[in-house]
Structure formats: C-alpha cells, structure tokens
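Coordinates from my_file-v8.cif are shown below (mmCIF, C-alpha atoms).
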```cif
data_entry
#
loop_
_atom_site.label_atom_id
_atom_site.label_comp_id
_atom_site.auth_asym_id
_atom_site.auth_seq_id
_atom_site.Cartn_x
_atom_site.Cartn_y
_atom_site.Cartn_z
CA MET A 1 -13.01 3.56 -23.02
CA ALA A 2 -10.76 1.76 -25.47
CA ASP A 3 -11.09 -1.20 -27.76
CA SER A 4 -10.59 -4.70 -26.44
CA ILE A 5 -8.07 -5.75 -29.07
CA PRO A 6 -4.51 -5.86 -27.65
CA THR A 7 -2.55 -2.82 -28.74
CA ASP A 8 0.47 -3.28 -30.98
CA ARG A 9 2.93 -1.67 -28.59
CA SER A 10 5.57 -1.20 -31.30
CA ARG A 11 3.39 1.53 -32.82
CA LEU A 12 3.22 3.63 -29.64
CA GLU A 13 5.23 6.80 -29.19
CA VAL A 14 8.19 6.35 -26.86
CA PHE A 15 8.31 9.12 -24.24
CA ASN A 16 11.09 10.29 -21.97
CA ARG A 17 10.12 9.79 -18.32
CA THR A 18 11.44 13.16 -17.16
CA GLU A 19 9.52 15.03 -19.85
CA LEU A 20 6.38 12.93 -19.39
CA THR A 21 6.36 13.54 -15.63
CA ARG A 22 6.73 17.30 -16.16
CA ARG A 23 3.86 17.17 -18.61
CA LEU A 24 1.69 15.32 -16.11
CA VAL A 25 2.54 17.54 -13.14
CA ALA A 26 1.69 20.61 -15.23
CA LYS A 27 -1.85 19.23 -15.51
CA LEU A 28 -2.39 19.14 -11.74
CA GLU A 29 -4.60 22.00 -10.59
CA ARG A 30 -6.30 20.67 -7.44
CA GLU A 31 -3.47 19.69 -5.08
CA GLU A 32 -3.60 16.10 -6.23
CA ALA A 33 -1.45 13.67 -4.24
CA VAL A 34 1.25 11.96 -6.30
CA ILE A 35 3.01 8.82 -5.09
CA GLY A 36 6.34 8.30 -6.84
CA GLY A 37 7.37 4.64 -6.94
CA ILE A 38 10.80 3.30 -6.09
CA GLY A 39 13.76 4.74 -8.00
CA ASN A 40 13.37 6.58 -11.27
CA THR A 41 9.66 7.28 -11.05
CA ASN A 42 10.07 9.26 -7.81
CA PHE A 43 13.35 10.77 -9.01
CA ASP A 44 11.60 12.31 -11.99
CA LEU A 45 8.62 13.36 -9.86
CA PHE A 46 11.11 15.37 -7.78
CA ALA A 47 12.86 16.60 -10.94
CA ALA A 48 9.54 17.99 -12.16
CA GLY A 49 9.58 20.38 -9.19
CA HIS A 50 8.75 19.54 -5.61
CA ARG A 51 5.11 19.90 -4.61
CA PRO A 52 3.82 19.56 -1.01
CA GLN A 53 1.54 16.73 -2.17
CA ASN A 54 4.41 14.57 -3.48
CA PHE A 55 5.45 11.34 -1.74
CA TYR A 56 8.82 9.82 -2.56
CA MET A 57 9.43 6.14 -1.84
CA LEU A 58 12.82 4.85 -0.71
CA GLY A 59 12.32 1.09 -0.82
CA SER A 60 9.12 -0.91 -0.79
CA MET A 61 9.34 -1.89 -4.46
CA GLY A 62 5.83 -2.49 -5.82
CA LEU A 63 3.96 -0.53 -3.15
CA ALA A 64 3.31 2.79 -4.92
CA CYS A 65 -0.20 1.70 -5.92
CA PRO A 66 -1.14 0.30 -2.48
CA ILE A 67 0.12 3.49 -0.81
CA ALA A 68 -1.84 5.58 -3.32
CA LEU A 69 -4.94 3.45 -2.69
CA GLY A 70 -4.62 4.16 1.04
CA VAL A 71 -4.39 7.90 0.43
CA ALA A 72 -7.36 7.70 -1.96
CA LEU A 73 -9.49 5.87 0.61
CA ALA A 74 -8.55 8.31 3.37
CA GLN A 75 -9.19 11.42 1.25
CA PRO A 76 -11.94 10.54 -1.24
CA GLN A 77 -12.31 14.17 -2.29
CA ARG A 78 -8.69 14.41 -3.49
CA GLY A 79 -7.31 13.07 -6.76
CA VAL A 80 -4.47 10.61 -6.17
CA ILE A 81 -1.94 9.48 -8.77
CA ALA A 82 0.50 6.57 -8.51
CA LEU A 83 3.59 6.56 -10.73
CA GLU A 84 5.07 3.10 -11.23
CA GLY A 85 7.64 1.42 -13.45
CA ASP A 86 7.08 -1.87 -15.21
CA GLY A 87 9.48 -3.78 -12.95
CA SER A 88 7.80 -2.44 -9.84
CA ILE A 89 4.21 -3.14 -10.87
CA LEU A 90 5.22 -6.66 -11.95
CA MET A 91 6.36 -7.28 -8.37
CA GLY A 92 2.89 -6.56 -6.98
CA LEU A 93 0.30 -7.29 -9.66
CA GLY A 94 -2.21 -8.35 -7.01
CA CYS A 95 -2.82 -4.73 -6.04
CA LEU A 96 -4.48 -4.17 -9.43
CA ALA A 97 -7.13 -6.73 -8.44
CA THR A 98 -7.56 -5.06 -5.06
CA ILE A 99 -7.94 -1.63 -6.67
CA ALA A 100 -10.33 -2.93 -9.35
CA ASN A 101 -12.60 -4.41 -6.70
CA MET A 102 -12.49 -1.42 -4.35
CA ARG A 103 -13.13 0.98 -7.25
CA PRO A 104 -11.63 4.21 -5.86
CA ARG A 105 -13.05 6.94 -8.12
CA ASN A 106 -10.15 9.26 -7.28
CA LEU A 107 -7.21 6.98 -8.17
CA THR A 108 -5.15 7.10 -11.37
CA ILE A 109 -2.19 4.80 -12.04
CA VAL A 110 0.50 5.68 -14.58
CA ILE A 111 2.77 2.82 -15.60
CA MET A 112 6.01 3.98 -17.23
CA ASP A 113 7.15 0.98 -19.21
CA ASN A 114 10.64 0.72 -20.69
CA ALA A 115 10.65 -3.09 -20.39
CA LEU A 116 13.80 -2.74 -18.27
CA TYR A 117 15.00 -2.81 -14.71
CA GLN A 118 16.75 0.43 -15.69
CA ILE A 119 18.24 1.25 -12.32
CA THR A 120 19.90 -2.12 -11.72
CA GLY A 121 21.64 -2.28 -15.11
CA LYS A 122 18.91 -2.45 -17.74
CA GLN A 123 18.05 -6.11 -17.35
CA PRO A 124 14.90 -6.95 -19.36
CA THR A 125 11.49 -7.30 -17.67
CA ALA A 126 8.54 -9.44 -18.70
CA THR A 127 6.91 -6.48 -20.47
CA GLY A 128 9.67 -6.69 -23.08
CA GLY A 129 8.37 -10.17 -23.79
CA VAL A 130 4.75 -11.12 -24.11
CA THR A 131 3.32 -9.37 -21.03
CA ASP A 132 1.08 -6.36 -21.78
CA MET A 133 0.35 -4.25 -18.70
CA VAL A 134 -2.90 -2.84 -20.09
CA ALA A 135 -4.16 -6.35 -20.75
CA VAL A 136 -3.09 -7.33 -17.23
CA ALA A 137 -4.92 -4.35 -15.72
CA ARG A 138 -8.09 -5.04 -17.72
CA GLY A 139 -7.93 -8.68 -16.73
CA ALA A 140 -7.69 -7.61 -13.10
CA GLY A 141 -10.86 -5.61 -13.62
CA ILE A 142 -9.63 -2.06 -14.27
CA ALA A 143 -11.79 -1.37 -17.34
CA ASN A 144 -10.40 2.13 -17.84
CA ALA A 145 -6.92 0.97 -18.76
CA GLU A 146 -5.17 1.94 -21.97
CA TRP A 147 -1.91 2.56 -23.75
CA VAL A 148 -0.93 6.16 -24.45
CA ARG A 149 -0.47 6.47 -28.22
CA ASP A 150 1.27 9.85 -28.47
CA GLN A 151 1.58 13.27 -26.84
CA ALA A 152 -1.80 14.49 -28.03
CA HIS A 153 -3.40 11.35 -26.65
CA PHE A 154 -1.61 11.81 -23.33
CA ASP A 155 -2.79 15.41 -23.10
CA ALA A 156 -6.35 14.33 -23.84
CA LEU A 157 -6.25 11.53 -21.26
CA THR A 158 -4.87 13.83 -18.54
CA SER A 159 -7.14 16.82 -19.24
CA ARG A 160 -9.64 15.66 -16.64
CA ARG A 161 -10.42 15.89 -12.98
CA PHE A 162 -8.40 13.28 -11.11
CA ASP A 163 -10.88 13.14 -8.22
CA ASP A 164 -13.47 11.30 -10.29
CA GLY A 165 -13.80 8.71 -13.03
CA GLY A 166 -11.31 6.22 -11.59
CA PRO A 167 -9.79 3.86 -11.19
CA VAL A 168 -7.88 4.66 -14.37
CA LEU A 169 -4.63 3.06 -15.54
CA LEU A 170 -2.50 4.64 -18.24
CA ALA A 171 0.50 2.76 -19.60
CA VAL A 172 3.19 4.71 -21.41
CA ARG A 173 6.22 3.43 -23.28
CA ILE A 174 9.35 5.26 -22.16
CA ASP A 175 13.02 5.23 -23.12
CA ASP A 176 15.89 3.79 -21.06
CA LYS A 177 17.17 7.08 -19.56
CA PRO A 178 17.67 7.40 -15.78
CA GLY A 179 15.81 9.88 -13.58
CA ALA A 180 16.99 13.49 -13.69
CA ALA A 181 17.32 14.29 -9.95
CA GLN A 182 16.96 12.65 -6.55
CA PRO A 183 14.88 13.81 -3.57
CA PRO A 184 16.43 13.92 -0.09
CA ARG A 185 16.85 10.46 1.40
CA ASP A 186 15.11 11.41 4.64
CA PRO A 187 11.92 9.38 5.08
CA ALA A 188 10.68 11.17 8.20
CA LEU A 189 11.05 14.52 6.43
CA VAL A 190 9.30 13.22 3.30
CA ARG A 191 6.42 11.79 5.33
CA ASN A 192 6.06 14.89 7.45
CA ARG A 193 5.97 17.26 4.46
CA PHE A 194 3.58 15.01 2.55
CA MET A 195 1.13 14.89 5.46
CA LYS A 196 1.34 18.64 5.80
CA GLY A 197 0.65 18.91 2.07
CA LEU A 198 -2.45 16.78 2.57
CA GLY A 199 -3.64 18.95 5.45
CA ILE A 200 -2.79 16.30 8.05
CA GLY A 201 -0.36 16.31 10.93
CA ARG A 202 1.24 18.43 13.53
CA ALA A 203 4.03 20.07 11.56
CA GLY A 204 2.24 23.41 11.39
CA ALA A 205 2.63 23.93 15.13
CA LEU A 206 6.39 24.36 14.64
CA ASP A 207 6.32 26.61 11.58
CA MET B 1 -17.16 -10.14 25.84
CA SER B 2 -15.04 -12.33 23.53
CA TRP B 3 -11.44 -11.46 22.64
CA SER B 4 -12.50 -10.43 19.13
CA GLU B 5 -15.37 -8.21 20.30
CA THR B 6 -13.04 -6.52 22.76
CA PHE B 7 -10.37 -6.08 20.09
CA LEU B 8 -12.78 -4.45 17.63
CA GLU B 9 -14.18 -2.19 20.35
CA VAL B 10 -10.67 -0.97 21.20
CA LEU B 11 -9.97 -0.27 17.52
CA LYS B 12 -13.13 1.87 17.38
CA ASP B 13 -12.26 3.63 20.64
CA ASN B 14 -8.98 4.67 18.99
CA ASP B 15 -10.48 5.75 15.65
CA VAL B 16 -8.85 2.88 13.75
CA ARG B 17 -11.24 2.71 10.79
CA LEU B 18 -9.33 1.06 7.96
CA VAL B 19 -8.67 -2.67 8.38
CA THR B 20 -6.76 -4.41 5.59
CA TYR B 21 -6.30 -8.15 5.71
CA VAL B 22 -5.19 -11.40 4.20
CA PRO B 23 -7.42 -13.93 5.93
CA ASP B 24 -6.93 -16.79 8.38
CA ASN B 25 -9.47 -19.01 10.12
CA ILE B 26 -8.41 -17.58 13.48
CA LEU B 27 -9.01 -14.04 12.20
CA THR B 28 -12.54 -14.85 10.99
CA PRO B 29 -14.38 -13.20 13.92
CA LEU B 30 -12.39 -9.98 13.36
CA ILE B 31 -12.96 -10.02 9.60
CA THR B 32 -16.67 -10.80 9.98
CA GLY B 33 -16.92 -8.06 12.60
CA ILE B 34 -15.37 -5.32 10.45
CA HIS B 35 -17.58 -6.23 7.49
CA ALA B 36 -20.68 -6.17 9.72
CA ASP B 37 -19.98 -2.69 11.13
CA ASN B 38 -20.27 0.33 8.83
CA TYR B 39 -17.79 2.18 11.01
CA PHE B 40 -14.95 0.15 9.54
CA MET B 41 -13.46 0.37 6.07
CA PRO B 42 -12.46 -3.23 5.24
CA ALA B 43 -9.94 -3.91 2.47
CA ASN B 44 -9.10 -7.42 1.35
CA ALA B 45 -5.51 -7.26 0.07
CA THR B 46 -3.81 -9.94 -2.00
CA ARG B 47 -0.57 -9.87 0.00
CA GLU B 48 0.55 -8.73 3.42
CA ASP B 49 3.04 -6.14 2.11
CA GLU B 50 0.29 -4.67 -0.05
CA ALA B 51 -1.97 -4.53 3.02
CA ILE B 52 0.73 -2.62 4.90
CA GLY B 53 1.17 -0.20 1.99
CA ILE B 54 -2.55 0.62 1.96
CA VAL B 55 -2.54 1.32 5.70
CA ALA B 56 0.59 3.48 5.36
CA GLY B 57 -1.05 5.62 2.68
CA ALA B 58 -4.23 5.96 4.69
CA TRP B 59 -2.33 7.10 7.79
CA MET B 60 -0.63 9.83 5.78
CA GLY B 61 -4.08 10.83 4.53
CA GLY B 62 -5.45 11.06 8.05
CA VAL B 63 -7.06 7.65 8.65
CA LYS B 64 -5.66 5.13 11.13
CA GLY B 65 -5.44 1.51 10.03
CA ALA B 66 -4.68 -2.03 11.11
CA VAL B 67 -3.38 -5.00 9.09
CA LEU B 68 -4.59 -8.55 9.83
CA MET B 69 -2.41 -11.48 8.75
CA GLN B 70 -1.51 -15.02 9.75
CA THR B 71 1.92 -16.20 10.86
CA SER B 72 3.14 -17.49 7.48
CA GLY B 73 1.90 -14.27 5.89
CA PHE B 74 4.11 -12.31 8.25
CA ALA B 75 7.07 -13.65 6.27
CA VAL B 76 5.85 -11.62 3.25
CA ALA B 77 5.86 -8.40 5.26
CA PRO B 78 9.44 -7.57 6.44
CA ASN B 79 10.45 -5.42 3.44
CA ALA B 80 7.36 -3.25 3.83
CA ILE B 81 8.08 -2.96 7.56
CA ALA B 82 11.80 -2.25 7.09
CA SER B 83 11.55 0.20 4.19
CA LEU B 84 8.19 1.87 4.76
CA ILE B 85 6.49 1.94 8.14
CA VAL B 86 9.65 1.94 10.30
CA PRO B 87 11.77 4.57 8.49
CA TYR B 88 8.78 6.75 7.54
CA GLN B 89 7.59 6.52 11.18
CA ILE B 90 4.07 5.30 10.42
CA PRO B 91 2.06 3.81 13.31
CA ALA B 92 0.59 0.86 11.43
CA ILE B 93 -1.07 -1.68 13.71
CA LEU B 94 -0.09 -5.23 12.79
CA VAL B 95 -2.31 -8.06 14.03
CA ILE B 96 -0.87 -11.56 13.53
CA SER B 97 -2.77 -14.75 14.31
CA GLU B 98 -0.19 -17.07 15.83
CA ARG B 99 0.12 -20.32 13.93
CA GLY B 100 2.90 -22.89 14.09
CA ILE B 101 2.65 -23.69 17.81
CA LEU B 102 0.28 -25.45 20.22
CA GLY B 103 -1.29 -27.83 17.76
CA GLU B 104 -0.21 -26.78 14.27
CA PHE B 105 -0.74 -29.25 11.41
CA ASN B 106 1.04 -27.24 8.70
CA ILE B 107 4.83 -27.41 8.82
CA GLY B 108 4.98 -24.28 6.67
CA GLN B 109 3.78 -22.23 9.62
CA THR B 110 6.23 -23.59 12.20
CA ALA B 111 9.48 -22.01 11.00
CA VAL B 112 7.84 -18.59 10.58
CA ALA B 113 6.45 -18.92 14.10
CA ARG B 114 10.05 -19.20 15.30
CA VAL B 115 11.45 -16.25 13.31
CA MET B 116 8.51 -13.87 13.75
CA ARG B 117 9.45 -12.35 17.12
CA PRO B 118 13.22 -12.16 16.43
CA THR B 119 12.41 -10.43 13.12
CA LEU B 120 10.16 -7.87 14.81
CA ASP B 121 12.86 -7.33 17.46
CA ALA B 122 15.53 -6.82 14.80
CA LEU B 123 13.31 -4.32 12.99
CA GLY B 124 12.70 -2.46 16.24
CA VAL B 125 8.95 -3.05 16.19
CA VAL B 126 7.28 -3.29 19.60
CA HIS B 127 5.18 -6.45 19.84
CA HIS B 128 2.86 -7.93 22.42
CA THR B 129 1.57 -11.49 22.59
CA LEU B 130 -2.08 -11.57 23.63
CA ALA B 131 -2.82 -14.76 25.56
CA ASP B 132 -5.30 -13.66 28.25
CA VAL B 133 -8.66 -12.17 27.32
CA THR B 134 -8.73 -10.06 30.50
CA LYS B 135 -5.60 -8.20 29.34
CA VAL B 136 -6.61 -7.56 25.73
CA ARG B 137 -8.29 -4.20 26.31
CA PHE B 138 -5.50 -2.61 28.32
CA THR B 139 -2.67 -4.00 26.19
CA VAL B 140 -4.19 -3.06 22.83
CA ASP B 141 -5.59 0.32 23.89
CA SER B 142 -2.41 1.54 25.59
CA SER B 143 -0.17 0.24 22.81
CA ILE B 144 -2.17 1.85 20.00
CA LYS B 145 -2.03 5.16 21.85
CA GLN B 146 1.73 4.74 22.31
CA ALA B 147 2.19 3.85 18.63
CA VAL B 148 0.32 6.94 17.44
CA THR B 149 2.01 9.24 19.96
CA THR B 150 5.52 7.99 19.16
CA GLN B 151 4.96 7.52 15.39
CA ALA B 152 5.98 3.86 15.48
CA PRO B 153 4.32 0.64 14.31
CA VAL B 154 3.14 -1.95 16.83
CA ALA B 155 2.38 -5.68 16.45
CA PHE B 156 -0.10 -7.82 18.35
CA ILE B 157 0.38 -11.58 18.18
CA LEU B 158 -2.83 -13.50 18.90
CA SER B 159 -1.77 -16.61 20.85
CA PRO B 160 -3.74 -19.88 20.60
CA LEU B 161 -4.15 -19.46 24.36
CA LEU B 162 -6.36 -16.45 23.54
CA THR B 163 -8.07 -17.60 20.38
CA GLY B 164 -8.29 -21.37 20.87
CA GLY B 165 -6.05 -21.83 17.85
CA ASN B 166 -7.01 -22.79 14.34
CA PRO B 167 -10.51 -24.28 14.46
CA VAL B 168 -9.83 -26.58 11.53
CA ALA B 169 -6.62 -28.00 13.04
CA HIS B 170 -8.22 -30.57 15.32
CA GLY B 171 -9.24 -32.93 12.53
CA LYS B 172 -5.86 -32.70 10.81
CA LEU B 173 -3.47 -33.53 13.66
CA SER B 174 -2.09 -37.05 14.06
CA THR B 175 -2.61 -38.86 17.34
#
```
How does this structure look as structure tokens?
Amino acid sequence: MADSIPTDRSRLEVFNRTELTRRLVAKLEREEAVIGGIGNTNFDLFAAGHRPQNFYMLGSMGLACPIALGVALAQPQRGVIALEGDGSILMGLGCLATIANMRPRNLTIVIMDNALYQITGKQPTATGGVTDMVAVARGAGIANAEWVRDQAHFDALTSRRFDDGGPVLLAVRIDDKPGAAQPPRDPALVRNRFMKGLGIGRAGALD
Amino acid sequence: MSWSETFLEVLKDNDVRLVTYVPDNILTPLITGIHADNYFMPANATREDEAIGIVAGAWMGGVKGAVLMQTSGFAVAPNAIASLIVPYQIPAILVISERGILGEFNIGQTAVARVMRPTLDALGVVHHTLADVTKVRFTVDSSIKQAVTTQAPVAFILSPLLTGGNPVAHGKLST
C-alpha cells in the first residue's frame, strides 16, 4: 500500500478533528458501525451528527479498537470503523497485534494524533517524541497502515467500501482543539440505540 | 464428562460462540476445546481488558461471548468491567481460573486471589465459584440465562477443587 520508509510526520497536513470526522462520516453509505473512543474522538463523532450506528464510549480508555473488533467479528458483512486518539491507542497497543492476526476484512482504524493528552490538559504523549503509530501498526502486522498526507489523500483513502480490504489503519495528524459537542452520558441508552442501529435487540418492541 | 467438556457444552447450548482469552495452564482444556470445535470463534487477546472489549462489541453486534482469564489477569480487568460491561449492561461471561490458593507457588497470584471476590462484589457483578463437577451444568446454564435476560455480566471462578489446580504447580512447591 505505502512505502516502508518512515514518513516524515512534520510534512503531513494537520487536520482539525471535528472537520475530519465530518468528512469521514459523509463518506459512509452502508450503515457502517463507528466506535468513538474515549473523550474527544466520540465527542466529535456525535458533533458530526448522530447516526444509529454510532457507539460512544464513556470510560474504557484504549478499548475502542477491541470493541470495534468484536462488532466486526459479529457482523462480518458490515464495515466497522474505530476512532482513537494517540493517548488511547498507546494504552492498548496489544490490540493491534490481535487485530493483525485475526485479519478482520471489515475493520478500519483511524488514529487521530495530536501528540497530546488533550482532554487532561495537553500533556505530551509518546507520539510527540520518537513513536510513530504507523510504524507501530505495521510492526504489529497491519500492512495496510499509513499516514494521511492531506485532504485529497484522505478522500482517496476513504473512497472505498469499508466492509472489505481490512484491516486498515489510517493515522492523521490533528490540532489541539477539543471536541465540539458531547453525547448524552447514558450508557444504557447509547448501547440500546447502537444495537437497534445494528439490527440487534429488543428495543423495537417498545417503539 | 469432565468439567471442561461440560462447560463447553453449556456454552454451546446457550449460543455463546465467541471466546476470547489470555491463557492459563488450568484453562488449557477449554482453550484446546474451543480451537478444536468450528462452532466457536476463538480470539487470543493480549490483555484481559482487551478481551472484555472484544466480547462487549460482539454482544452489541448480536454474538454472545465469554472471556477466559487467570486470577492475576483479573486484576487487569476492573476498569473494563466498571466502565463498559456494567454501565452499558452487557452480559459478558467472565471465566476465571482460580490461582493463589490450595497449592499456589507464585506469590503474585495470592493477593489477587484475595481481592477478586470483594472487587466483583463492589462492582455488583454476580459470581459463582465452581468447585463440584456435578453442579457445573446447572450453575453455568442458569447463570448465563440470567445474565442475558437481565443484561448483566456474570463471573465463574474455577476452583482448584474442580480443576485440580495448576498442573505445573506440584514440582514448584516447597515441602
């Protein structure tokens, strides 16, 4: 997919998370499931406009990709996308090895990397140092892992069916702005609506 | 029928297809069994919280799942229990091989053995200790059905009285 030489990250376009998430969601045409990681990644997923196939995490830092893997295994016909920040994925790097070995064709991971724990006061993360998440993902065995160079590149990389060709990992440099909105902090409601959006569950009986 | 054969049969009876795990010697017959049976979807996770996350996602996608872990590994799991499967009301089935008692050689297991049940109690997770092979089928079958019906996780602790304990322990204990 991409060259094996480490990318010079300083030459990559820096996106805004809110805008990037809107751009991604606009590409979804087949009721893809989207798992928003802890904090800003799920805030901006909600800000992009609620969809029945959105799942918003409340805690569980680092588990967006494992949750997305579970959805992908349960519904192999559906494209599944995990949105994670750099701090969160650094907490659970092992899941990249699990995903690489299980090879879910319908799973895409988007890492939004501002090299900061933005939500706790902008403390630096390891990706601001020498750690390159695309190199980490490739080392774990996700061959289709690459840095997004600019908007045209992002559009090209996301103009595809998300139910095939995975696992794919896209890493995007983003700025240090917070998320633009927050979903309701009601886990049972979030879970119930998500399952209904995936065609699962008993909620329909009470509609 | 052995405890592990009974356990796997009850999982199948209840449509529990996905089994994620971080291994333990005591869990070997379960892990070997799920890999040998095409009915099951085995997933070897790198950590126990990751294993819980996978099962949570699968449940929301319509597939029931169980997580296998050892006692010390349980200590990795509380945040995933407290922030994911309890508040989101996800009936994940936790299966913990009990280490740290009745002939443990590894001191690292013993403290977790003491805090495991109080932690599950504090998190509000129903747990059953399986010590008698004749009670495995009823306990596991009825508890899985209760978990699914009430949208709540459940934990099964596999006592050395059931499993015989860690098979490699005998050569490592002082006399």
Legend entry - Chain and number of each residue from the PyMOL selection byres ((chain A) within 7 of (chain B)), as a PyMOL selection string: chain A and resi 58-60+63+66-71+73-75+94-95+98+187-188+191+195+198+200
Selected by the PyMOL selection byres ((chain A and resi 93) around 10) in the shown coordinates: which residues, as a PDB file with C-alpha atoms, in the coordinates of the input?
```
ATOM      1  CA  GLY A  62       5.830  -2.490  -5.820  1.00  0.00           C
ATOM      2  CA  CYS A  65      -0.200   1.700  -5.920  1.00  0.00           C
ATOM      3  CA  SER A  88       7.800  -2.440  -9.840  1.00  0.00           C
ATOM      4  CA  ILE A  89       4.210  -3.140 -10.870  1.00  0.00           C
ATOM      5  CA  LEU A  90       5.220  -6.660 -11.950  1.00  0.00           C
ATOM      6  CA  MET A  91       6.360  -7.280  -8.370  1.00  0.00           C
ATOM      7  CA  GLY A  92       2.890  -6.560  -6.980  1.00  0.00           C
ATOM      8  CA  GLY A  94      -2.210  -8.350  -7.010  1.00  0.00           C
ATOM      9  CA  CYS A  95      -2.820  -4.730  -6.040  1.00  0.00           C
ATOM     10  CA  LEU A  96      -4.480  -4.170  -9.430  1.00  0.00           C
ATOM     11  CA  ALA A  97      -7.130  -6.730  -8.440  1.00  0.00           C
ATOM     12  CA  THR A  98      -7.560  -5.060  -5.060  1.00  0.00           C
ATOM     13  CA  MET A 133       0.350  -4.250 -18.700  1.00  0.00           C
ATOM     14  CA  VAL A 136      -3.090  -7.330 -17.230  1.00  0.00           C
ATOM     15  CA  ALA A 137      -4.920  -4.350 -15.720  1.00  0.00           C
ATOM     16  CA  ALA A 140      -7.690  -7.610 -13.100  1.00  0.00           C
TER      17      ALA A 140
ATOM     18  CA  THR B  46      -3.810  -9.940  -2.000  1.00  0.00           C
ATOM     19  CA  GLU B  50       0.290  -4.670  -0.050  1.00  0.00           C
TER      20      GLU B  50
END
```
Inset, instruction - Run the PyMOL selection byres ((chain B and resi 148) around 12) mentally over the shown coordinates, then write out the matched residues as a list in words, using the chain letters and numbers from the document. - result: Gly201 of chain A; Asn14, Asp15, Val16, Trp59, Gly62, Val63, Lys64, Gly65, Gln89, Ile90, Pro91, Ala92, Ile93, Asp141, Ser142, Ser143, Ile144, Lys145, Gln146, Ala147, Thr149, Thr150, Gln151, Ala152, Pro153 and Val154 of chain B
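The gap separating atom CA of Gly199 of chain A from atom CA of Leu157 of chain A is 27.8 Å, in Å to one decimal.
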Inset, instruction - Would you kindly return, as a PyMOL selection string, each protein, DNA or RNA residue with an atom no farther than 7 Å from any atom of segment 111-122 of chain A, considering only C-alpha atoms and excluding same-chain residues fewer than 5 positions away? - result: chain A and resi 83-87+127-128+170-176
Those selected residues, please, written with C-alpha atoms and delivered as a PDB file, keeping the file's coordinate frame.
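Contents of the output file result02.pdb:
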```pdb
ATOM      1  CA  LEU A  83       3.590   6.560 -10.730  1.00  0.00           C
ATOM      2  CA  GLU A  84       5.070   3.100 -11.230  1.00  0.00           C
ATOM      3  CA  GLY A  85       7.640   1.420 -13.450  1.00  0.00           C
ATOM      4  CA  ASP A  86       7.080  -1.870 -15.210  1.00  0.00           C
ATOM      5  CA  GLY A  87       9.480  -3.780 -12.950  1.00  0.00           C
ATOM      6  CA  THR A 127       6.910  -6.480 -20.470  1.00  0.00           C
ATOM      7  CA  GLY A 128       9.670  -6.690 -23.080  1.00  0.00           C
ATOM      8  CA  LEU A 170      -2.500   4.640 -18.240  1.00  0.00           C
ATOM      9  CA  ALA A 171       0.500   2.760 -19.600  1.00  0.00           C
ATOM     10  CA  VAL A 172       3.190   4.710 -21.410  1.00  0.00           C
ATOM     11  CA  ARG A 173       6.220   3.430 -23.280  1.00  0.00           C
ATOM     12  CA  ILE A 174       9.350   5.260 -22.160  1.00  0.00           C
ATOM     13  CA  ASP A 175      13.020   5.230 -23.120  1.00  0.00           C
ATOM     14  CA  ASP A 176      15.890   3.790 -21.060  1.00  0.00           C
TER      15      ASP A 176
END
```
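Between Ala143 of chain A and the residues A:Arg161, A:Lys177, A:Arg103, A:Arg193, the shortest atom-to-atom distance, using all atoms listed in the file, involves A:Arg103.
Using all atoms listed in the file, the residues found no farther than 10 Å from Ala169 of chain B, other than those of its own chain fewer than 5 positions away, are Asn25, Gly103, Glu104, Phe105 and Asn106 of chain B.
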Inset, instruction - Pick out the residues sitting within 12 Å of Gly108 of chain B, and hand them over as a list in words; count all atoms listed in the file, and ignore anything fewer than 4 positions along from it in its own chain. - result: Gln70, Thr71, Ser72, Gly73, Ala75, Arg99, Gly100, Ile101, Glu104, Val112, Ala113 and Arg114 of chain B
Write the selection just made, keeping C-alpha atoms, as a compact mmCIF listing (two decimals), in the frame of the given file?
```txt
# COMPACT_ATOMS: atom_id res chain seq x y z
CA GLN B 70 -1.51 -15.02 9.75
CA THR B 71 1.92 -16.20 10.86
CA SER B 72 3.14 -17.49 7.48
CA GLY B 73 1.90 -14.27 5.89
CA ALA B 75 7.07 -13.65 6.27
CA ARG B 99 0.12 -20.32 13.93
CA GLY B 100 2.90 -22.89 14.09
CA ILE B 101 2.65 -23.69 17.81
CA GLU B 104 -0.21 -26.78 14.27
CA VAL B 112 7.84 -18.59 10.58
CA ALA B 113 6.45 -18.92 14.10
CA ARG B 114 10.05 -19.20 15.30
```
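The coordinates place atom CA of Gly139 of chain A at 29.1 Å from atom CA of Asp44 of chain A.
For the atom pair formed by atom CA of Thr18 of chain A and atom CA of Gly141 of chain A, the distance is 29.4 Å, given to one decimal.
Proximity ranking of B:Ser4, B:Pro29, B:Ser174, B:Arg137 relative to Leu162 of chain B places B:Ser4 first, based on all atoms listed in the file.
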Do you know which residues are at most 6 Å from segment 33-36 of chain A counting all atoms listed in the file, after dropping those on the same chain fewer than 6 positions away, and could you put them as a compact mmCIF listing (two decimals) with C-alpha atoms, in the frame of the given file?
```
# COMPACT_ATOMS: atom_id res chain seq x y z
CA ASN A 42 10.07 9.26 -7.81
CA GLN A 53 1.54 16.73 -2.17
CA ASN A 54 4.41 14.57 -3.48
CA PHE A 55 5.45 11.34 -1.74
CA TYR A 56 8.82 9.82 -2.56
CA VAL A 80 -4.47 10.61 -6.17
CA ILE A 81 -1.94 9.48 -8.77
CA ALA A 82 0.50 6.57 -8.51
CA LEU A 83 3.59 6.56 -10.73
```
Kindly complete segment 155-162 of chain B to N, CA, C and O atoms; the output should be written as a CSV table (one decimal), keeping the file's coordinate frame.
```csv
chain,number,residue,atom,x,y,z
B,155,ALA,N,2.9,-4.4,16.9
B,155,ALA,CA,2.4,-5.7,16.4
B,155,ALA,C,1.7,-6.4,17.6
B,155,ALA,O,2.3,-6.4,18.7
B,156,PHE,N,0.6,-7.0,17.4
B,156,PHE,CA,-0.1,-7.8,18.4
B,156,PHE,C,-0.2,-9.2,17.8
B,156,PHE,O,-0.6,-9.5,16.7
B,157,ILE,N,0.4,-10.2,18.6
B,157,ILE,CA,0.4,-11.6,18.2
B,157,ILE,C,-0.7,-12.3,19.0
B,157,ILE,O,-0.7,-12.3,20.2
B,158,LEU,N,-1.7,-12.9,18.3
B,158,LEU,CA,-2.8,-13.5,18.9
B,158,LEU,C,-2.5,-15.0,19.2
B,158,LEU,O,-2.5,-15.8,18.3
B,159,SER,N,-2.2,-15.3,20.4
B,159,SER,CA,-1.8,-16.6,20.8
B,159,SER,C,-3.0,-17.6,20.8
B,159,SER,O,-4.1,-17.2,21.0
B,160,PRO,N,-2.7,-18.9,20.5
B,160,PRO,CA,-3.7,-19.9,20.6
B,160,PRO,C,-4.4,-19.9,22.0
B,160,PRO,O,-5.5,-20.4,22.1
B,161,LEU,N,-3.6,-19.5,23.0
B,161,LEU,CA,-4.2,-19.5,24.4
B,161,LEU,C,-5.3,-18.4,24.5
B,161,LEU,O,-6.2,-18.6,25.3
B,162,LEU,N,-5.3,-17.4,23.6
B,162,LEU,CA,-6.4,-16.4,23.5
B,162,LEU,C,-7.5,-16.9,22.6
B,162,LEU,O,-8.7,-16.8,23.0
```
